[in-house]
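A.B. asks: Structure: structure_21.cif, mmCIF, N, CA and C atoms.
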```cif
data_start
#
loop_
_atom_site.group_PDB
_atom_site.id
_atom_site.type_symbol
_atom_site.label_atom_id
_atom_site.label_comp_id
_atom_site.auth_asym_id
_atom_site.auth_seq_id
_atom_site.Cartn_x
_atom_site.Cartn_y
_atom_site.Cartn_z
ATOM 1 N N MET A 1 87.166 107.622 89.851
ATOM 2 C CA MET A 1 87.469 106.310 89.299
ATOM 3 C C MET A 1 87.252 106.358 87.793
ATOM 4 N N SER A 2 88.202 105.835 87.047
ATOM 5 C CA SER A 2 88.102 105.871 85.592
ATOM 6 C C SER A 2 87.288 104.681 85.079
ATOM 7 N N HIS A 3 86.937 104.743 83.795
ATOM 8 C CA HIS A 3 86.162 103.664 83.166
ATOM 9 C C HIS A 3 86.964 102.379 83.052
ATOM 10 N N SER A 4 88.291 102.468 83.192
ATOM 11 C CA SER A 4 89.111 101.264 83.067
ATOM 12 C C SER A 4 89.374 100.590 84.415
ATOM 13 N N GLU A 5 88.941 101.203 85.506
ATOM 14 C CA GLU A 5 89.137 100.617 86.828
ATOM 15 C C GLU A 5 87.923 99.782 87.222
ATOM 16 N N TRP A 6 88.199 98.697 87.960
ATOM 17 C CA TRP A 6 87.151 97.769 88.355
ATOM 18 C C TRP A 6 87.170 97.562 89.863
ATOM 19 N N VAL A 7 85.982 97.417 90.427
ATOM 20 C CA VAL A 7 85.821 97.104 91.850
ATOM 21 C C VAL A 7 85.387 95.648 91.955
ATOM 22 N N LEU A 8 86.071 94.871 92.800
ATOM 23 C CA LEU A 8 85.654 93.487 93.033
ATOM 24 C C LEU A 8 84.411 93.501 93.908
ATOM 25 N N ASP A 9 83.364 92.804 93.475
ATOM 26 C CA ASP A 9 82.074 92.821 94.162
ATOM 27 C C ASP A 9 81.686 91.392 94.519
ATOM 28 N N PHE A 10 81.323 91.187 95.768
ATOM 29 C CA PHE A 10 80.925 89.862 96.245
ATOM 30 C C PHE A 10 79.427 89.635 96.127
ATOM 31 N N GLY A 11 78.635 90.693 95.960
ATOM 32 C CA GLY A 11 77.188 90.559 95.998
ATOM 33 C C GLY A 11 76.493 90.730 94.662
ATOM 34 N N ALA A 12 77.232 91.048 93.628
ATOM 35 C CA ALA A 12 76.611 91.252 92.311
ATOM 36 C C ALA A 12 76.182 89.913 91.721
ATOM 37 N N SER A 13 75.328 89.990 90.705
ATOM 38 C CA SER A 13 74.904 88.769 90.025
ATOM 39 C C SER A 13 75.751 88.502 88.784
ATOM 40 N N HIS A 14 76.359 89.540 88.227
ATOM 41 C CA HIS A 14 77.191 89.458 87.021
ATOM 42 C C HIS A 14 78.218 90.577 87.056
ATOM 43 N N HIS A 15 79.230 90.461 86.192
ATOM 44 C CA HIS A 15 80.109 91.602 85.952
ATOM 45 C C HIS A 15 79.244 92.692 85.336
ATOM 46 N N MET A 16 79.517 93.948 85.690
ATOM 47 C CA MET A 16 78.734 95.064 85.157
ATOM 48 C C MET A 16 79.660 96.217 84.834
ATOM 49 N N SER A 17 79.446 96.835 83.667
ATOM 50 C CA SER A 17 80.272 97.954 83.249
ATOM 51 C C SER A 17 79.395 99.102 82.768
ATOM 52 N N LEU A 18 79.886 100.319 82.967
ATOM 53 C CA LEU A 18 79.154 101.494 82.519
ATOM 54 C C LEU A 18 79.621 101.988 81.162
ATOM 55 N N GLY A 19 80.787 101.539 80.699
ATOM 56 C CA GLY A 19 81.354 102.079 79.472
ATOM 57 C C GLY A 19 81.288 101.147 78.286
ATOM 58 N N SER A 20 80.540 101.532 77.252
ATOM 59 C CA SER A 20 80.403 100.666 76.078
ATOM 60 C C SER A 20 81.697 100.576 75.269
ATOM 61 N N LEU A 21 82.588 101.556 75.402
ATOM 62 C CA LEU A 21 83.836 101.538 74.648
ATOM 63 C C LEU A 21 84.780 100.438 75.106
ATOM 64 N N SER A 22 84.576 99.908 76.296
ATOM 65 C CA SER A 22 85.435 98.852 76.837
ATOM 66 C C SER A 22 85.113 97.486 76.248
ATOM 67 N N PHE A 23 83.967 97.334 75.630
ATOM 68 C CA PHE A 23 83.497 96.034 75.146
ATOM 69 C C PHE A 23 84.092 95.694 73.788
ATOM 70 N N THR A 24 84.432 94.417 73.595
ATOM 71 C CA THR A 24 84.853 93.955 72.278
ATOM 72 C C THR A 24 83.632 93.745 71.385
ATOM 73 N N PHE A 25 82.517 93.391 71.986
ATOM 74 C CA PHE A 25 81.226 93.339 71.300
ATOM 75 C C PHE A 25 80.127 93.416 72.355
ATOM 76 N N VAL A 26 78.951 93.866 71.930
ATOM 77 C CA VAL A 26 77.796 93.924 72.830
ATOM 78 C C VAL A 26 76.571 93.443 72.066
ATOM 79 N N SER A 27 75.843 92.506 72.655
ATOM 80 C CA SER A 27 74.569 92.067 72.098
ATOM 81 C C SER A 27 73.461 92.829 72.808
ATOM 82 N N PRO A 28 72.610 93.521 72.066
ATOM 83 C CA PRO A 28 71.504 94.240 72.703
ATOM 84 C C PRO A 28 70.577 93.277 73.432
ATOM 85 N N THR A 29 69.932 93.766 74.462
ATOM 86 C CA THR A 29 68.998 92.953 75.236
ATOM 87 C C THR A 29 67.623 93.604 75.200
ATOM 88 N N PRO A 30 66.580 92.798 75.407
ATOM 89 C CA PRO A 30 65.236 93.381 75.505
ATOM 90 C C PRO A 30 65.137 94.244 76.761
ATOM 91 N N SER A 31 64.040 94.878 76.940
ATOM 92 C CA SER A 31 63.838 95.795 78.070
ATOM 93 C C SER A 31 63.923 95.059 79.404
ATOM 94 N N ILE A 32 65.139 95.014 79.949
ATOM 95 C CA ILE A 32 65.388 94.387 81.239
ATOM 96 C C ILE A 32 66.072 95.419 82.120
ATOM 97 N N SER A 33 65.705 95.440 83.391
ATOM 98 C CA SER A 33 66.361 96.331 84.335
ATOM 99 C C SER A 33 67.015 95.513 85.437
ATOM 100 N N ILE A 34 68.089 96.047 85.978
ATOM 101 C CA ILE A 34 68.809 95.436 87.089
ATOM 102 C C ILE A 34 68.486 96.236 88.345
ATOM 103 N N MET A 35 68.182 95.542 89.444
ATOM 104 C CA MET A 35 67.913 96.233 90.698
ATOM 105 C C MET A 35 69.191 96.276 91.529
ATOM 106 N N THR A 36 69.558 97.475 91.959
ATOM 107 C CA THR A 36 70.747 97.644 92.780
ATOM 108 C C THR A 36 70.418 97.356 94.243
ATOM 109 N N VAL A 37 71.435 97.366 95.076
ATOM 110 C CA VAL A 37 71.267 97.055 96.489
ATOM 111 C C VAL A 37 70.332 98.049 97.185
ATOM 112 N N ASP A 38 70.234 99.281 96.659
ATOM 113 C CA ASP A 38 69.331 100.264 97.270
ATOM 114 C C ASP A 38 67.974 100.326 96.560
ATOM 115 N N ASP A 39 67.641 99.256 95.815
ATOM 116 C CA ASP A 39 66.360 99.103 95.111
ATOM 117 C C ASP A 39 66.178 100.050 93.926
ATOM 118 N N THR A 40 67.254 100.622 93.422
ATOM 119 C CA THR A 40 67.193 101.450 92.224
ATOM 120 C C THR A 40 67.190 100.540 90.997
ATOM 121 N N LEU A 41 66.308 100.791 90.049
ATOM 122 C CA LEU A 41 66.290 100.035 88.798
ATOM 123 C C LEU A 41 67.142 100.747 87.759
ATOM 124 N N MET A 42 68.024 99.987 87.113
ATOM 125 C CA MET A 42 68.882 100.524 86.060
ATOM 126 C C MET A 42 68.710 99.665 84.817
ATOM 127 N N PRO A 43 68.460 100.299 83.664
ATOM 128 C CA PRO A 43 68.240 99.518 82.436
ATOM 129 C C PRO A 43 69.516 98.838 81.947
ATOM 130 N N LEU A 44 69.356 97.591 81.527
ATOM 131 C CA LEU A 44 70.439 96.804 80.944
ATOM 132 C C LEU A 44 70.454 97.090 79.442
ATOM 133 N N ALA A 45 71.570 97.642 78.938
ATOM 134 C CA ALA A 45 71.660 98.006 77.525
ATOM 135 C C ALA A 45 72.138 96.853 76.650
ATOM 136 N N GLY A 46 72.850 95.896 77.242
ATOM 137 C CA GLY A 46 73.360 94.781 76.462
ATOM 138 C C GLY A 46 74.256 93.890 77.300
ATOM 139 N N VAL A 47 74.723 92.812 76.673
ATOM 140 C CA VAL A 47 75.634 91.861 77.316
ATOM 141 C C VAL A 47 76.766 91.586 76.330
ATOM 142 N N GLY A 48 78.000 91.584 76.837
ATOM 143 C CA GLY A 48 79.126 91.348 75.943
ATOM 144 C C GLY A 48 80.376 90.953 76.692
ATOM 145 N N SER A 49 81.506 91.100 76.014
ATOM 146 C CA SER A 49 82.803 90.732 76.591
ATOM 147 C C SER A 49 83.727 91.932 76.621
ATOM 148 N N ILE A 50 84.552 91.964 77.664
ATOM 149 C CA ILE A 50 85.574 92.995 77.798
ATOM 150 C C ILE A 50 86.926 92.304 77.843
ATOM 151 N N VAL A 51 87.844 92.745 76.990
ATOM 152 C CA VAL A 51 89.192 92.193 76.961
ATOM 153 C C VAL A 51 90.168 93.365 76.962
ATOM 154 N N THR A 52 91.036 93.401 77.965
ATOM 155 C CA THR A 52 92.095 94.396 78.061
ATOM 156 C C THR A 52 93.400 93.625 78.274
ATOM 157 N N PRO A 53 94.541 94.300 78.299
ATOM 158 C CA PRO A 53 95.795 93.578 78.571
ATOM 159 C C PRO A 53 95.817 92.883 79.937
ATOM 160 N N HIS A 54 94.995 93.361 80.880
ATOM 161 C CA HIS A 54 95.037 92.801 82.232
ATOM 162 C C HIS A 54 93.754 92.098 82.655
ATOM 163 N N LEU A 55 92.760 92.106 81.799
ATOM 164 C CA LEU A 55 91.445 91.626 82.211
ATOM 165 C C LEU A 55 90.702 91.044 81.021
ATOM 166 N N SER A 56 90.074 89.908 81.233
ATOM 167 C CA SER A 56 89.238 89.299 80.207
ATOM 168 C C SER A 56 87.965 88.810 80.879
ATOM 169 N N LEU A 57 86.852 89.482 80.584
ATOM 170 C CA LEU A 57 85.595 89.163 81.250
ATOM 171 C C LEU A 57 84.502 88.871 80.234
ATOM 172 N N PRO A 58 83.969 87.649 80.214
ATOM 173 C CA PRO A 58 82.818 87.346 79.364
ATOM 174 C C PRO A 58 81.527 87.653 80.123
ATOM 175 N N ASN A 59 80.426 87.713 79.401
ATOM 176 C CA ASN A 59 79.094 87.891 79.991
ATOM 177 C C ASN A 59 79.016 89.097 80.930
ATOM 178 N N VAL A 60 79.452 90.241 80.430
ATOM 179 C CA VAL A 60 79.422 91.482 81.200
ATOM 180 C C VAL A 60 78.167 92.253 80.828
ATOM 181 N N TYR A 61 77.442 92.704 81.843
ATOM 182 C CA TYR A 61 76.259 93.537 81.619
ATOM 183 C C TYR A 61 76.702 94.970 81.343
ATOM 184 N N LEU A 62 76.175 95.575 80.292
ATOM 185 C CA LEU A 62 76.403 96.985 80.008
ATOM 186 C C LEU A 62 75.256 97.771 80.635
ATOM 187 N N ILE A 63 75.581 98.568 81.638
ATOM 188 C CA ILE A 63 74.592 99.373 82.352
ATOM 189 C C ILE A 63 75.135 100.803 82.422
ATOM 190 N N PRO A 64 74.777 101.642 81.441
ATOM 191 C CA PRO A 64 75.363 102.989 81.353
ATOM 192 C C PRO A 64 75.143 103.870 82.582
ATOM 193 N N LYS A 65 74.120 103.625 83.376
ATOM 194 C CA LYS A 65 73.846 104.472 84.535
ATOM 195 C C LYS A 65 74.676 104.121 85.772
ATOM 196 N N LEU A 66 75.481 103.065 85.694
ATOM 197 C CA LEU A 66 76.335 102.709 86.830
ATOM 198 C C LEU A 66 77.345 103.816 87.103
ATOM 199 N N LYS A 67 77.795 103.896 88.328
ATOM 200 C CA LYS A 67 78.824 104.866 88.713
ATOM 201 C C LYS A 67 80.226 104.271 88.622
ATOM 202 N N LEU A 68 80.333 102.919 88.654
ATOM 203 C CA LEU A 68 81.630 102.261 88.578
ATOM 204 C C LEU A 68 81.464 100.866 88.007
ATOM 205 N N ASN A 69 82.567 100.287 87.538
ATOM 206 C CA ASN A 69 82.570 98.929 86.989
ATOM 207 C C ASN A 69 82.669 97.916 88.119
ATOM 208 N N LEU A 70 81.879 96.850 88.025
ATOM 209 C CA LEU A 70 81.871 95.815 89.052
ATOM 210 C C LEU A 70 82.292 94.475 88.458
ATOM 211 N N ALA A 71 83.311 93.871 89.037
ATOM 212 C CA ALA A 71 83.729 92.517 88.662
ATOM 213 C C ALA A 71 83.226 91.581 89.758
ATOM 214 N N PHE A 72 82.319 90.700 89.405
ATOM 215 C CA PHE A 72 81.708 89.796 90.368
ATOM 216 C C PHE A 72 82.679 88.668 90.700
ATOM 217 N N VAL A 73 83.055 88.563 91.964
ATOM 218 C CA VAL A 73 84.026 87.571 92.417
ATOM 219 C C VAL A 73 83.557 86.154 92.096
ATOM 220 N N GLY A 74 82.282 85.869 92.231
ATOM 221 C CA GLY A 74 81.763 84.540 91.922
ATOM 222 C C GLY A 74 82.010 84.141 90.479
ATOM 223 N N GLN A 75 81.805 85.067 89.549
ATOM 224 C CA GLN A 75 82.063 84.787 88.136
ATOM 225 C C GLN A 75 83.558 84.590 87.879
ATOM 226 N N LEU A 76 84.390 85.386 88.548
ATOM 227 C CA LEU A 76 85.838 85.224 88.386
ATOM 228 C C LEU A 76 86.278 83.838 88.853
ATOM 229 N N CYS A 77 85.775 83.414 89.997
ATOM 230 C CA CYS A 77 86.135 82.093 90.539
ATOM 231 C C CYS A 77 85.635 80.973 89.635
ATOM 232 N N ASP A 78 84.410 81.093 89.147
ATOM 233 C CA ASP A 78 83.820 80.056 88.294
ATOM 234 C C ASP A 78 84.537 79.935 86.957
ATOM 235 N N SER A 79 85.128 81.029 86.477
ATOM 236 C CA SER A 79 85.772 80.998 85.160
ATOM 237 C C SER A 79 87.026 80.132 85.151
ATOM 238 N N GLY A 80 87.688 79.990 86.296
ATOM 239 C CA GLY A 80 88.926 79.220 86.358
ATOM 240 C C GLY A 80 90.125 79.964 85.809
ATOM 241 N N ASN A 81 89.944 81.214 85.380
ATOM 242 C CA ASN A 81 91.034 81.992 84.799
ATOM 243 C C ASN A 81 91.725 82.914 85.786
ATOM 244 N N TYR A 82 91.198 83.014 86.985
ATOM 245 C CA TYR A 82 91.747 83.952 87.964
ATOM 246 C C TYR A 82 92.019 83.243 89.279
ATOM 247 N N LEU A 83 93.057 83.676 89.941
ATOM 248 C CA LEU A 83 93.400 83.197 91.265
ATOM 249 C C LEU A 83 93.060 84.317 92.239
ATOM 250 N N ILE A 84 92.172 84.051 93.167
ATOM 251 C CA ILE A 84 91.747 85.057 94.136
ATOM 252 C C ILE A 84 92.129 84.557 95.520
ATOM 253 N N ILE A 85 92.915 85.358 96.221
ATOM 254 C CA ILE A 85 93.405 84.989 97.545
ATOM 255 C C ILE A 85 92.907 86.005 98.560
ATOM 256 N N PHE A 86 92.264 85.527 99.607
ATOM 257 C CA PHE A 86 91.800 86.395 100.687
ATOM 258 C C PHE A 86 92.790 86.281 101.834
ATOM 259 N N PHE A 87 93.305 87.407 102.279
ATOM 260 C CA PHE A 87 94.271 87.418 103.372
ATOM 261 C C PHE A 87 93.896 88.551 104.308
ATOM 262 N N PHE A 88 93.241 88.218 105.403
ATOM 263 C CA PHE A 88 92.714 89.205 106.335
ATOM 264 C C PHE A 88 91.855 90.195 105.566
ATOM 265 N N PHE A 89 92.261 91.451 105.505
ATOM 266 C CA PHE A 89 91.472 92.458 104.799
ATOM 267 C C PHE A 89 92.035 92.782 103.424
ATOM 268 N N LEU A 90 93.006 92.004 102.987
ATOM 269 C CA LEU A 90 93.639 92.219 101.696
ATOM 270 C C LEU A 90 93.123 91.180 100.712
ATOM 271 N N LEU A 91 92.777 91.618 99.533
ATOM 272 C CA LEU A 91 92.304 90.714 98.499
ATOM 273 C C LEU A 91 93.233 90.857 97.304
ATOM 274 N N LEU A 92 93.809 89.754 96.867
ATOM 275 C CA LEU A 92 94.669 89.762 95.693
ATOM 276 C C LEU A 92 93.963 89.015 94.575
ATOM 277 N N CYS A 93 93.969 89.594 93.408
ATOM 278 C CA CYS A 93 93.345 88.942 92.255
ATOM 279 C C CYS A 93 94.296 89.058 91.074
ATOM 280 N N THR A 94 94.608 87.949 90.464
ATOM 281 C CA THR A 94 95.506 87.948 89.326
ATOM 282 C C THR A 94 95.052 86.891 88.328
ATOM 283 N N ARG A 95 95.360 87.117 87.077
ATOM 284 C CA ARG A 95 95.056 86.096 86.079
ATOM 285 C C ARG A 95 95.980 84.924 86.305
ATOM 286 N N SER A 96 95.454 83.742 86.176
ATOM 287 C CA SER A 96 96.266 82.554 86.387
ATOM 288 C C SER A 96 97.209 82.327 85.214
ATOM 289 N N ALA A 97 98.257 81.573 85.452
ATOM 290 C CA ALA A 97 99.228 81.269 84.400
ATOM 291 C C ALA A 97 98.578 80.477 83.267
ATOM 292 N N ILE A 98 97.559 79.695 83.603
ATOM 293 C CA ILE A 98 96.870 78.892 82.586
ATOM 294 C C ILE A 98 96.216 79.798 81.549
ATOM 295 N N SER A 99 95.514 80.842 82.011
ATOM 296 C CA SER A 99 94.810 81.704 81.061
ATOM 297 C C SER A 99 95.778 82.542 80.236
ATOM 298 N N GLU A 100 96.919 82.911 80.793
ATOM 299 C CA GLU A 100 97.868 83.729 80.051
ATOM 300 C C GLU A 100 98.575 82.918 78.959
ATOM 301 N N ALA A 101 98.602 81.608 79.100
ATOM 302 C CA ALA A 101 99.245 80.766 78.086
ATOM 303 C C ALA A 101 98.377 80.613 76.856
ATOM 304 N N ASP A 102 97.056 80.886 76.993
ATOM 305 C CA ASP A 102 96.126 80.730 75.862
ATOM 306 C C ASP A 102 96.361 81.762 74.784
#
```
With the file now loaded, output its structure as structure tokens.
C.D. replies:
Amino acid sequence: MSHSEWVLDFGASHHMSLGSLSFTFVSPTPSISIMTVDDTLMPLAGVGSIVTPHLSLPNVYLIPKLKLNLAFVGQLCDSGNYLIIFFFFLLLCTRSAISEAD
């Protein structure tokens, strides 16, 4: 999986990325660690925004030790910028027309 690919996550607390190059800006954070589902602690390096042609995510945690990028479904739904449709075992996620007009 490349640094530009994202996995939709239902159990995360925030969007999380391993690659600092993807961020438009990053604010450093004090010594805070994130606990993963298997109780592993990973240091939080900062919080920032990621903007690509297909994705715009605010409040993303930069965690360099992650193995993959996680997009938290709850944050996507709360933002109002994405339409998420669940259909049996298929999940479709697309930016809404409202956000693309901005």
A.B. asks: Expressed in Å to a single decimal, how great is the separation between CA of Tyr61 in chain A and CA of Ala45 in chain A?
C.D. replies: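 That distance, rounded to one decimal, is 7.6 Å.
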A.B. asks: From the list A:Val37, A:Ser4, A:Val51, A:Ala12, which residue is nearest Thr24 in chain A when using all atoms listed in the file?
C.D. replies: A:Val51
A.B. asks: Would you work out the distance separating CA of Thr36 in chain A from CA of Leu70 in chain A, expressed in Å to one decimal?
C.D. replies: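 Calculated distance between CA of Thr36 in chain A and CA of Leu70 in chain A is 11.9 Å.
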A.B. asks: Quick one: contact table of range 34-89 of chain A to range 17-22 of chain A, 6 Å max, nearest atom pair and distance in Å to one decimal per residue, counting only N, CA and C atoms, chain and number order, as a tab-separated table?
C.D. replies:
```
residue	atom	partner	partner_atom	distance
A:Ser49	C	A:Ser22	C	5.7
A:Ile50	CA	A:Ser22	C	4.8
A:Val51	N	A:Ser22	C	5.5
A:Val60	C	A:Ser17	N	5.5
A:Tyr61	C	A:Ser17	N	4.1
A:Leu62	CA	A:Ser17	C	4.6
A:Ile63	N	A:Ser17	C	4.0
A:Pro64	CA	A:Leu18	CA	4.2
A:Lys65	N	A:Leu18	CA	5.5
A:Leu66	N	A:Leu18	CA	5.1
A:Leu68	C	A:Leu18	N	5.3
A:Asn69	CA	A:Ser17	CA	4.5
A:Leu70	N	A:Ser17	N	5.0
```
A.B. asks: Report the distance between CA of Gly80 in chain A and atom N of Ser13 in chain A in Å, rounded to one decimal place.
C.D. replies: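 Here the two named atoms are 17.9 Å from each other.
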A.B. asks: Running the PyMOL selection byres ((chain A and resi 29) around 5) on this model by hand, what would come out? Give it as a list in words.
C.D. replies: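 Evaluating the PyMOL selection byres ((chain A and resi 29) around 5) on this file yields Ser27, Pro28, Pro30, Ser31, Ala45 and Gly46 of chain A.
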A.B. asks: Could the residues in this selection be saved with N, CA and C atoms as a short mmCIF file (atom, residue, chain, number, x, y, z; two decimals), in the frame of the given file?
C.D. replies:
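Resulting contents of out.cif:
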```
data_model
loop_
_atom_site.label_atom_id
_atom_site.label_comp_id
_atom_site.auth_asym_id
_atom_site.auth_seq_id
_atom_site.Cartn_x
_atom_site.Cartn_y
_atom_site.Cartn_z
N SER A 27 75.84 92.51 72.66
CA SER A 27 74.57 92.07 72.10
C SER A 27 73.46 92.83 72.81
N PRO A 28 72.61 93.52 72.07
CA PRO A 28 71.50 94.24 72.70
C PRO A 28 70.58 93.28 73.43
N PRO A 30 66.58 92.80 75.41
CA PRO A 30 65.24 93.38 75.50
C PRO A 30 65.14 94.24 76.76
N SER A 31 64.04 94.88 76.94
CA SER A 31 63.84 95.80 78.07
C SER A 31 63.92 95.06 79.40
N ALA A 45 71.57 97.64 78.94
CA ALA A 45 71.66 98.01 77.53
C ALA A 45 72.14 96.85 76.65
N GLY A 46 72.85 95.90 77.24
CA GLY A 46 73.36 94.78 76.46
C GLY A 46 74.26 93.89 77.30
#
```
